[in-house]
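Shown next, in structure tokens, is the structure this report addresses.
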Amino acid sequence: MVTFKKISAAVCSLLLLTFTVYLWAADSNLAKITFVLGKVEVKISGGWQPLKPGASVGQGSTLRTGKKSTVIVQLSPGTTLKLRENSEIILSQISASENADNVVLNLTRGSVFSDVLKRTNNSKYTIKTAAVTAGVRGTNFFVATGEKIRQDKEPEVMMCVREGQIYVTSASDKREVIIDEGEGIVFTPQSKIPSPEKLPWIANLNWNMDSGKGNVEDSTSLKKAYRSSYKDKLNQNYD
């Protein structure tokens with residue numbers, strides 16, 4: 001009887017997994033909301049509606065977060081994004097299949113973490129801001145736009161990589177810049193893409209995207225973290 005129960009449990013688990021994958025394939029243009037903290041909304045028919053965990057959002061949806069708010073979105077099995085507070089993103093393209101994923105996101109303001117599972121060479125994951133485009137096939141990275149990080153005059157773009165690589169291009173600068181693990185760039189939209197630099201402090205960002213494993217909210221002040229790190233570097237050089 002014990003053996004039968006174990007076999008039955010294994011069969012049920014397999015059927016559930018198969019059913020889940022089938023449902024995702026059937027809804028290949030939908031993303032799943034897995035976590036919500038604070039004020040999180042989706043734009044529907046020109047108006048904003050609150051989002052709750054378990055909801056699905058379609059291709060073309062616009063999501064936004066309020067102050068001290070966070071939302072985690074599963075775009076496909078193994079590929080997840082986490083939108084920080086005071087941010088807005090458009091899910092321009094969501095296409096998941098057995099062979100490849102194709103995702104295009106437009107970050108209009110704020111910041112977002114991405115955890116992208118590398119599946120095949122045909123899979124693509126792209127984040128666009130008003131200034132630059134970042135493309136990956138499998139990595140863990142962060143993008144912010146509209147924040148004043150190095151200086152207080154102009155909004156800037158920041159991109160950094162925890163694992164893997166991203167490829168960055170802009171309309172004004174046709175060359176492709178590769179950002180490796182532990183590196184990042186910070187620049188104004190009007191300037192050329194700079195060479196990546198080591199940013200050890202990015203390890204202190206909250207990269208967790210699983211609420212079951214603890215806190216997922218990231219409230220890091222990018223300005224304070226960057227400038228503090230820069231001062232430490234100057235002090236080391238002076239010493």
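Here's how to read the names in the structure tokens: chain A, B, ... by the order shown, residue numbers from 1 in each chain, ligand numbers from 1 in the order shown.
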- Item | Spatial neighbours of range 34-50 of chain A, max dist 7 Å, only C-alpha atoms, sep filter under 5 positions, as a list in words |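 Result of the neighbour search: Ser61, Thr62, Leu63, Arg64, Thr65, Gly66, Lys68, Ser69, Thr70, Val71, Ile72, Val73 and Gln74 of chain A.
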Any chance you can output those residues with N, CA and C atoms as a tab-separated table (two decimals), in the first residue's frame?
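File again25.tsv, as written:
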chain	number	residue	atom	x	y	z
A	61	SER	N	0.60	44.93	-22.06
A	61	SER	CA	0.18	45.54	-20.79
A	61	SER	C	1.24	46.49	-20.25
A	62	THR	N	0.78	47.53	-19.54
A	62	THR	CA	1.67	48.45	-18.84
A	62	THR	C	1.47	48.27	-17.34
A	63	LEU	N	2.56	48.05	-16.62
A	63	LEU	CA	2.52	47.87	-15.18
A	63	LEU	C	3.23	49.03	-14.51
A	64	ARG	N	2.74	49.42	-13.33
A	64	ARG	CA	3.45	50.45	-12.57
A	64	ARG	C	3.37	50.17	-11.08
A	65	THR	N	4.38	50.65	-10.37
A	65	THR	CA	4.44	50.50	-8.92
A	65	THR	C	4.47	51.87	-8.26
A	66	GLY	N	3.91	51.94	-7.06
A	66	GLY	CA	3.94	53.17	-6.29
A	66	GLY	C	5.11	53.19	-5.32
A	68	LYS	N	7.36	52.52	-2.19
A	68	LYS	CA	7.56	51.34	-1.35
A	68	LYS	C	6.75	50.15	-1.85
A	69	SER	N	6.70	49.99	-3.15
A	69	SER	CA	5.93	48.90	-3.77
A	69	SER	C	6.82	48.06	-4.68
A	70	THR	N	6.44	46.80	-4.83
A	70	THR	CA	7.21	45.86	-5.64
A	70	THR	C	6.26	44.88	-6.30
A	71	VAL	N	6.56	44.48	-7.52
A	71	VAL	CA	5.81	43.41	-8.17
A	71	VAL	C	6.80	42.46	-8.84
A	72	ILE	N	6.51	41.16	-8.74
A	72	ILE	CA	7.31	40.14	-9.41
A	72	ILE	C	6.43	39.47	-10.46
A	73	VAL	N	6.97	39.36	-11.66
A	73	VAL	CA	6.22	38.84	-12.80
A	73	VAL	C	6.99	37.68	-13.42
A	74	GLN	N	6.32	36.54	-13.55
A	74	GLN	CA	6.93	35.40	-14.24
A	74	GLN	C	6.50	35.45	-15.70
- Mind checking which residues fall within 10 Å of Ala130 in chain A, counting only C-alpha atoms, ignoring those fewer than 6 positions away in the same chain, and posting them as an NGL selection string? :A and (106-109 or 145-146 or 157 or 170-171 or 189)
- Message: Could you list, as a PyMOL selection string, every residue within 12 Å of Val136 in chain A, counting only C-alpha atoms and ignoring same-chain residues fewer than 3 positions away?
- Response: chain A and resi 79+101-104+114-128+133+139-142+161+163-169+178-180
- Query: Which residues in range 126-171 of chain A does DSSP call strand (DSSP E)? List them as a PyMOL selection string.
  - Reply: chain A and resi 126-128+132-136+139-147+156-163+165-170
Kindly save the residues from that selection, with C-alpha atoms included, as a PDB file, in the first residue's frame.
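Result file follows (result-v3.pdb):
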ATOM      1  CA  THR A 126      15.397  42.639 -24.546  1.00  0.00           C
ATOM      2  CA  ILE A 127      14.876  45.654 -22.284  1.00  0.00           C
ATOM      3  CA  LYS A 128      14.578  49.091 -23.846  1.00  0.00           C
ATOM      4  CA  VAL A 132      19.495  52.307 -24.837  1.00  0.00           C
ATOM      5  CA  THR A 133      18.632  48.689 -25.527  1.00  0.00           C
ATOM      6  CA  ALA A 134      19.990  45.723 -23.561  1.00  0.00           C
ATOM      7  CA  GLY A 135      19.811  42.223 -25.001  1.00  0.00           C
ATOM      8  CA  VAL A 136      20.548  38.909 -23.274  1.00  0.00           C
ATOM      9  CA  THR A 139      21.611  36.256 -17.168  1.00  0.00           C
ATOM     10  CA  ASN A 140      20.731  38.072 -13.952  1.00  0.00           C
ATOM     11  CA  PHE A 141      20.848  41.847 -14.388  1.00  0.00           C
ATOM     12  CA  PHE A 142      19.432  45.234 -13.348  1.00  0.00           C
ATOM     13  CA  VAL A 143      18.346  48.323 -15.297  1.00  0.00           C
ATOM     14  CA  ALA A 144      17.366  51.764 -13.997  1.00  0.00           C
ATOM     15  CA  THR A 145      16.341  54.866 -15.932  1.00  0.00           C
ATOM     16  CA  GLY A 146      15.507  58.420 -14.960  1.00  0.00           C
ATOM     17  CA  GLU A 147      17.533  58.448 -11.720  1.00  0.00           C
ATOM     18  CA  GLU A 156      20.768  58.859 -15.979  1.00  0.00           C
ATOM     19  CA  VAL A 157      20.625  55.257 -17.111  1.00  0.00           C
ATOM     20  CA  MET A 158      22.248  52.483 -15.097  1.00  0.00           C
ATOM     21  CA  MET A 159      22.811  48.866 -16.106  1.00  0.00           C
ATOM     22  CA  CYS A 160      24.679  46.197 -14.149  1.00  0.00           C
ATOM     23  CA  VAL A 161      25.120  42.429 -14.267  1.00  0.00           C
ATOM     24  CA  ARG A 162      25.161  39.947 -11.408  1.00  0.00           C
ATOM     25  CA  GLU A 163      25.593  36.834 -13.557  1.00  0.00           C
ATOM     26  CA  GLN A 165      26.449  39.129 -19.877  1.00  0.00           C
ATOM     27  CA  ILE A 166      24.319  41.815 -21.489  1.00  0.00           C
ATOM     28  CA  TYR A 167      24.809  43.566 -24.828  1.00  0.00           C
ATOM     29  CA  VAL A 168      24.007  47.272 -24.855  1.00  0.00           C
ATOM     30  CA  THR A 169      23.377  49.539 -27.855  1.00  0.00           C
ATOM     31  CA  SER A 170      21.876  52.991 -28.362  1.00  0.00           C
TER      32      SER A 170
END
- Query: Near Leu91 in chain A, within 6 Å and counting only C-alpha atoms, which residues show up once chain neighbours fewer than 5 positions away are dropped, as a list of chain:residue names?
  - Reply: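 The neighbour list is A:Gln59, A:Gly60, A:Ser61, A:Leu105.
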Based on the selection just made, write C-alpha atoms of those residues as a CSV table (one decimal), in the first residue's frame.
chain,number,residue,atom,x,y,z
A,59,GLN,CA,1.3,41.2,-24.1
A,60,GLY,CA,1.1,45.0,-24.4
A,61,SER,CA,0.2,45.5,-20.8
A,105,LEU,CA,10.2,45.1,-22.4
- To one decimal place, how far is CA of Ile185 in chain A from CA of Glu85 in chain A in Å? 21.1 Å
- Message: For a quick check of understanding, using only C-alpha atoms, which of A:Val177, A:Ile94, A:Ala131, A:Ala225 has the smallest distance to Arg150 in chain A?
- Response: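 The closest residue to Arg150 in chain A is A:Ala225.
Interatomic distance, CA of Asp152 in chain A to CA of Ser228 in chain A: 14.9 Å.
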- Message: What's around Leu199 in chain A at 9 Å? Count only C-alpha atoms, leave out sequence neighbours fewer than 5 positions away in its own chain, and write the answer as JSON, numbers by chain.
- Response: {"A": [160, 182, 183, 184, 185, 226, 229]}
Deliver the residues from the most recent selection as a file, using C-alpha atoms, as a PDB file, in the first residue's frame.
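Dumped to part_19.pdb:
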ATOM      1  CA  CYS A 160      24.679  46.197 -14.149  1.00  0.00           C
ATOM      2  CA  GLY A 182      30.120  42.305 -11.607  1.00  0.00           C
ATOM      3  CA  GLU A 183      30.275  45.243 -14.009  1.00  0.00           C
ATOM      4  CA  GLY A 184      27.997  48.167 -14.758  1.00  0.00           C
ATOM      5  CA  ILE A 185      27.590  51.478 -16.549  1.00  0.00           C
ATOM      6  CA  TYR A 226      27.372  54.582  -6.168  1.00  0.00           C
ATOM      7  CA  SER A 229      31.694  53.334  -3.528  1.00  0.00           C
TER       8      SER A 229
END
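Of the residues under consideration (A:Ser56, A:Asn204, A:Thr80, A:Thr129), A:Asn204 shows the shortest atom-to-atom contact distance to Leu222 in chain A when counting only C-alpha atoms.
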